[in-house]
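Read through the structure below, which is laid out as structure tokens, and then see the notes.
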Amino acid sequence: ELGIRIPRPLGHGPSRFIPEKETIQVGKEDATMHTLFAESFATLGRLDNVTLVMVFHPQYLESFLKTQHYLLQMDGPLPLHYRHYIGIMAAARHQCSYLVNLHVNDFLHVGGDPKWLNGLENAPQKLQNLGELNKMLAHRPWLITKEHIEQLLKTEENSWSLAELIHAVVLLTHYHSLASFTFGCGISPEIDCEGGHTFRPPSVSNYCICDVTNGYHGVDEIHASPAGSIPVSSTESVCEVEALMEKMKQLQECRDEEEASQEEMATRFEREKRESMLVCSSEDEESAATRDVSRHFEDTSYGYKDFSRHGMHVPTFRVQDYSWEDHGYSLVNRLYPDVGQLLDEKFHIAYNLTYNTMAMHKDVDTSMLRRAIWNYIHCMFGIRYDDYDYGEINQLLDRSFKVYIKTVVCTPEKTTKRMYDSFWRQFEHSEKVHVNLLLVEARMQAELLYALRAITRYMT
């Protein structure tokens with residue numbers, strides 16, 4: 001009657017990949033989840049879709065919210081508006097308009113200059129200088145050297161202090177990996193953000209041009225219908241779970257009987273590293289960054305490239321020489337107190353999280369599978385654990401799963417519902433969200449290791 005257009009949600013539920021009825025409904029949550037929802041609302045001023053999907057795993061969500069709150073709002077080396085602007089820069093690198101939109105609002109809310117949002121060239125030179133590190137961390141972290149660190153710390157009037165740089169690096173890696181989670185779980189735009197609402201009844205096809213800029217690539221992906229997925233009989237799916245459990249059992253028996261030599265282990269790592277380069281997104285079309293998001297970063301053509309392409313040889317990063325536990329943790333904690341502790345807890349929760357179930361099976365030890373996923377991601381980044389037999393990865397992770405992992409970790413903006421549906425077809429959605437938590441944390445740790453190693457080399 002007043003002539004006010006009322007927005008209505010464009011999507012159904014917090015995720016385009018998970019049917020709304022299978023997500024946790026607000027109002028039907030248990031006491032633990034209710035507390036987390038209240039915390040999230042108090043911190044963010046909203047109950048966002050990331051929280052509504054992550055709450056499948058309350059223990060992890062609690063650690064995640066605590067870390068994010070500390071990075072964005074508690075005392076730290078960087079002013080608040082810088083923190084949100086760095087979040088925008090990092091999310092934009094993966095064309096993640098979901099996170100960019102949220103942080104644009106937060107940036108303005110804490111008094112950020114709206115002019116900076118017209119493009120990175122309008123931000124202070126100090127933030128512009130961070131562009132190169134943002135780009136490399138997001139797409140090719142193995143190329144970061146102590147010279148890149150030196151450039152940031154030594155440019156006269158726009159120089160970064162070590163503490164500020166550590167804060168910035170943690171924020172960049174946090175938002176690169178959160179973009180992976182956003183695309184990997186098909187997080188829908190918030191109702192108050194572009195692409196999250198419509199002012200008219202949905203059209204016949206339920207498809208709107210604004211969806212394209214928000215990661216919807218076609219009508220079949222708007223509706224989370226099984227039609228977009230690879231048809232499979234339930235018997236075949238059940239066999240898939242049984243086969244995976246049988247392989248885990250056999251590998252355990254082989255481990256108990258014999259251990260491969262160090263030479264053989266090194267060979268298996270190199271073989272897996274080479275094979276990981278042959279795995280590519282099955283829908284490897286170029287995604288064009290929209291002007292709306294691409295204005296927040298430079299060099300839009302720079303993207304992920306496997307590290308040994310075009311005759312480039314990147315030396316293997318041996319965890320024995322530089323690890324999070326022995327080196328990275330203490331460096332972060334020294335220069336940005338308490339953050340090392342918060343990150344360490346988050347890594348541990350994601351890596352060790354288990355309900356001892358696999359699809360319909362109970363009392364299953366999933367540690368071998370979790371380790372294979374984590375080490376496969378680090379292997380894609382050229383990081384090697386001397387005590388791990390990389391032959392196990394091929395046994396436990398099939399090709400469609402590897403395609404999904406590599407896409408979500410390296411080029412998350414190309415993740416599709418078809419990829420999500422095509423792996424672990426008999427597993428619960430909560431288990432697939434758990435996979436995404438492993439991807440997020442393994443990716444974040446890999447990026448951090450390269451950046452922190454370069455900072456340590458600069459300091460020594």
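Just remember, in the structure tokens the first chain shown is A, the second B, etc., residues are 1-based per chain, and ligands are 1-based in the order shown.
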| field | Residue neighbourhood Glu29 (chain A), 12 Å, only C-alpha atoms, exclusion window fewer than 4 positions, as a count of residues only | value | 13
| said: Give me the residues near region 110-125 of chain A as an NGL selection string, where near means some atom within 12 Å (using only C-alpha atoms) and where sequence neighbours in that chain fewer than 3 positions away do not count. | reply: :A and (72-73 or 79-86 or 88-90 or 92-93 or 100-101 or 103-107 or 128-131 or 152 or 155-160 or 291-299)
| query | Do you know which residues are at most 10 Å from Ser40 (chain A) counting only C-alpha atoms, after dropping those on the same chain fewer than 3 positions away, and could you put them as an MDAnalysis selection string? | reply | chainID A and resid 34:37 43:48 51:52 61:62 65:66 69
| Suppose you want the space between CA of Lys247 (chain A) and CA of Glu263 (chain A); what is it in Å? | 24.0 Å
Using only C-alpha atoms, find each residue in region 27-134 of chain A having at least one atom no more than 8 Å away from region 331-353 of chain A; report its shortest atom-to-atom pair and that distance in Å (one decimal), rows by chain then rising number, as JSON lines.
{"residue": "A:Gln59", "atom": "CA", "partner": "A:Ile349", "partner_atom": "CA", "distance": 7.5}
{"residue": "A:Tyr60", "atom": "CA", "partner": "A:Ile349", "partner_atom": "CA", "distance": 6.1}
{"residue": "A:Ser63", "atom": "CA", "partner": "A:Lys346", "partner_atom": "CA", "distance": 5.7}
{"residue": "A:Phe64", "atom": "CA", "partner": "A:Lys346", "partner_atom": "CA", "distance": 6.6}
{"residue": "A:Lys66", "atom": "CA", "partner": "A:Leu342", "partner_atom": "CA", "distance": 7.7}
{"residue": "A:Thr67", "atom": "CA", "partner": "A:Leu342", "partner_atom": "CA", "distance": 5.8}
{"residue": "A:Tyr70", "atom": "CA", "partner": "A:Val339", "partner_atom": "CA", "distance": 7.8}
{"residue": "A:Leu71", "atom": "CA", "partner": "A:Val339", "partner_atom": "CA", "distance": 7.9}
{"residue": "A:Gly76", "atom": "CA", "partner": "A:Tyr336", "partner_atom": "CA", "distance": 7.1}
{"residue": "A:Pro77", "atom": "CA", "partner": "A:Tyr336", "partner_atom": "CA", "distance": 7.6}
Could you dump the residues just selected with N, CA and C atoms as an mmCIF file, in the first residue's frame?
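As written to disk, again27.cif reads:
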data_model
loop_
_atom_site.group_PDB
_atom_site.id
_atom_site.type_symbol
_atom_site.label_atom_id
_atom_site.label_comp_id
_atom_site.auth_asym_id
_atom_site.auth_seq_id
_atom_site.Cartn_x
_atom_site.Cartn_y
_atom_site.Cartn_z
ATOM 1 N N GLN A 59 31.811 -27.495 17.062
ATOM 2 C CA GLN A 59 33.130 -27.328 17.700
ATOM 3 C C GLN A 59 34.048 -26.492 16.808
ATOM 4 N N TYR A 60 34.008 -26.773 15.502
ATOM 5 C CA TYR A 60 34.834 -26.008 14.572
ATOM 6 C C TYR A 60 34.312 -24.569 14.464
ATOM 7 N N SER A 63 35.493 -22.231 17.169
ATOM 8 C CA SER A 63 36.892 -21.831 17.001
ATOM 9 C C SER A 63 37.034 -20.819 15.862
ATOM 10 N N PHE A 64 36.312 -21.057 14.766
ATOM 11 C CA PHE A 64 36.353 -20.169 13.599
ATOM 12 C C PHE A 64 35.861 -18.763 13.975
ATOM 13 N N LYS A 66 35.677 -17.366 16.911
ATOM 14 C CA LYS A 66 36.588 -16.745 17.877
ATOM 15 C C LYS A 66 37.796 -16.142 17.151
ATOM 16 N N THR A 67 38.348 -16.904 16.191
ATOM 17 C CA THR A 67 39.525 -16.436 15.442
ATOM 18 C C THR A 67 39.159 -15.223 14.585
ATOM 19 N N TYR A 70 38.683 -12.103 16.607
ATOM 20 C CA TYR A 70 39.962 -11.561 17.073
ATOM 21 C C TYR A 70 40.659 -10.798 15.941
ATOM 22 N N LEU A 71 40.663 -11.405 14.741
ATOM 23 C CA LEU A 71 41.362 -10.790 13.603
ATOM 24 C C LEU A 71 40.724 -9.468 13.171
ATOM 25 N N GLY A 76 44.947 -5.067 17.744
ATOM 26 C CA GLY A 76 45.907 -5.667 16.819
ATOM 27 C C GLY A 76 46.667 -4.571 16.117
ATOM 28 N N PRO A 77 47.696 -4.918 15.360
ATOM 29 C CA PRO A 77 48.548 -3.914 14.721
ATOM 30 C C PRO A 77 47.830 -3.037 13.694
#
| request: Return the single residue from A:Leu244, A:Leu102, A:Leu78, A:Ile18 that is closest to Asn394 (chain A), with distances computed using only C-alpha atoms. | output: A:Leu244
Close residues, region 403-406 of chain A itself excluded, 12 Å, only C-alpha atoms, min 5 positions apart in chain, as a PDB file with C-alpha atoms, in the first residue's frame:
ATOM      1  CA  SER A 180      37.184 -21.691  -0.960  1.00  0.00           C
ATOM      2  CA  PHE A 181      34.572 -22.614   1.673  1.00  0.00           C
ATOM      3  CA  PHE A 183      32.285 -21.674  -3.307  1.00  0.00           C
ATOM      4  CA  GLY A 184      32.922 -25.268  -2.133  1.00  0.00           C
ATOM      5  CA  CYS A 185      29.640 -25.336  -0.155  1.00  0.00           C
ATOM      6  CA  GLU A 275      49.771 -36.506 -11.041  1.00  0.00           C
ATOM      7  CA  SER A 276      48.138 -33.646  -9.119  1.00  0.00           C
ATOM      8  CA  MET A 277      49.138 -31.394 -12.029  1.00  0.00           C
ATOM      9  CA  LEU A 278      47.189 -33.606 -14.436  1.00  0.00           C
ATOM     10  CA  VAL A 279      44.021 -33.225 -12.378  1.00  0.00           C
ATOM     11  CA  CYS A 280      42.138 -30.233 -13.657  1.00  0.00           C
ATOM     12  CA  SER A 281      38.674 -28.869 -13.231  1.00  0.00           C
ATOM     13  CA  SER A 282      36.405 -30.802 -15.591  1.00  0.00           C
ATOM     14  CA  GLU A 283      34.635 -27.550 -16.410  1.00  0.00           C
ATOM     15  CA  ASP A 284      37.782 -25.575 -16.979  1.00  0.00           C
ATOM     16  CA  TYR A 304      46.606 -20.432 -10.500  1.00  0.00           C
ATOM     17  CA  LYS A 305      49.309 -22.303 -12.427  1.00  0.00           C
ATOM     18  CA  ASP A 306      50.801 -25.644 -11.426  1.00  0.00           C
ATOM     19  CA  ALA A 372      45.177 -38.321   2.882  1.00  0.00           C
ATOM     20  CA  ILE A 373      42.973 -35.273   2.110  1.00  0.00           C
ATOM     21  CA  TRP A 374      45.192 -32.873   4.114  1.00  0.00           C
ATOM     22  CA  ASN A 375      48.448 -34.199   2.651  1.00  0.00           C
ATOM     23  CA  TYR A 376      47.051 -34.218  -0.891  1.00  0.00           C
ATOM     24  CA  ILE A 377      46.304 -30.490  -0.606  1.00  0.00           C
ATOM     25  CA  HIS A 378      49.796 -29.786   0.750  1.00  0.00           C
ATOM     26  CA  CYS A 379      51.252 -31.974  -2.006  1.00  0.00           C
ATOM     27  CA  MET A 380      49.501 -29.757  -4.614  1.00  0.00           C
ATOM     28  CA  PHE A 381      51.384 -26.854  -3.009  1.00  0.00           C
ATOM     29  CA  LEU A 397      40.830 -40.389  -3.241  1.00  0.00           C
ATOM     30  CA  ASP A 398      39.169 -41.137  -6.569  1.00  0.00           C
ATOM     31  CA  THR A 411      40.285 -22.064  -8.429  1.00  0.00           C
ATOM     32  CA  PRO A 412      37.257 -22.021  -6.098  1.00  0.00           C
ATOM     33  CA  GLU A 413      35.272 -19.688  -8.362  1.00  0.00           C
ATOM     34  CA  LYS A 414      34.982 -22.588 -10.859  1.00  0.00           C
ATOM     35  CA  THR A 415      33.305 -24.988  -8.408  1.00  0.00           C
ATOM     36  CA  THR A 416      29.941 -26.274  -9.650  1.00  0.00           C
ATOM     37  CA  LYS A 417      27.072 -28.212  -8.097  1.00  0.00           C
ATOM     38  CA  ARG A 418      27.852 -31.062 -10.491  1.00  0.00           C
ATOM     39  CA  MET A 419      31.347 -31.397  -8.935  1.00  0.00           C
ATOM     40  CA  TYR A 420      29.901 -31.304  -5.420  1.00  0.00           C
ATOM     41  CA  ASP A 421      27.348 -33.992  -6.274  1.00  0.00           C
ATOM     42  CA  SER A 422      29.806 -36.252  -8.087  1.00  0.00           C
ATOM     43  CA  PHE A 423      32.039 -37.206  -5.132  1.00  0.00           C
ATOM     44  CA  TRP A 424      31.096 -39.339  -2.089  1.00  0.00           C
ATOM     45  CA  LYS A 432      30.933 -32.986   2.691  1.00  0.00           C
ATOM     46  CA  VAL A 435      35.690 -32.111   3.810  1.00  0.00           C
ATOM     47  CA  ASN A 436      35.465 -28.385   3.073  1.00  0.00           C
ATOM     48  CA  LEU A 437      36.743 -27.532   6.559  1.00  0.00           C
ATOM     49  CA  LEU A 438      39.793 -29.722   5.893  1.00  0.00           C
ATOM     50  CA  LEU A 439      40.320 -27.987   2.529  1.00  0.00           C
ATOM     51  CA  VAL A 440      40.010 -24.534   4.113  1.00  0.00           C
ATOM     52  CA  ALA A 442      45.030 -27.182   4.850  1.00  0.00           C
ATOM     53  CA  ARG A 443      45.003 -24.426   2.222  1.00  0.00           C
TER      54      ARG A 443
END
| message | Here is a test: counting only C-alpha atoms, which residue of A:Leu369, A:Arg5, A:Pro141, A:Ile166 is nearest to Ser330 (chain A)? | response |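 When distances to Ser330 (chain A) are compared using only C-alpha atoms, the smallest one comes from A:Ile166.
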| Using only C-alpha atoms, which residues sit within 9 Å of Thr145 (chain A) once same-chain residues fewer than 6 positions away are excluded, as a list of chain:residue names? |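 The contact residues come out as A:Tyr450, A:Ala451, A:Arg453, A:Ala454, A:Ile455, A:Arg457, A:Tyr458.
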| task | Could you please determine the separation between CA of Glu22 (chain A) and CA of Met360 (chain A) in Å, to one decimal place? | result |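 Taking CA of Glu22 (chain A) as the start and CA of Met360 (chain A) as the end point, the length is 16.1 Å.
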| field | Best match for closeness to Val409 (chain A) among A:Glu447, A:Glu39, A:Glu1, A:Asp386, counting only C-alpha atoms | value | A:Glu447
| task | May I ask for the distance between CA of Glu272 (chain A) and CA of Tyr390 (chain A), given in Å to one decimal place? | result |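 Calculated distance between CA of Glu272 (chain A) and CA of Tyr390 (chain A) is 6.6 Å.
Across A:Lys249, A:Arg370, A:Arg318, A:Arg425, the tightest approach to Phe269 (chain A) is made by A:Arg318 when counting only C-alpha atoms.
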| So, counting only C-alpha atoms, which residue among A:Val364, A:Ala179, A:Ile191, A:Cys239 is closest to Gln95 (chain A)? |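 Going through A:Val364, A:Ala179, A:Ile191, A:Cys239 one by one, the smallest distance to Gln95 (chain A) is for A:Ala179.
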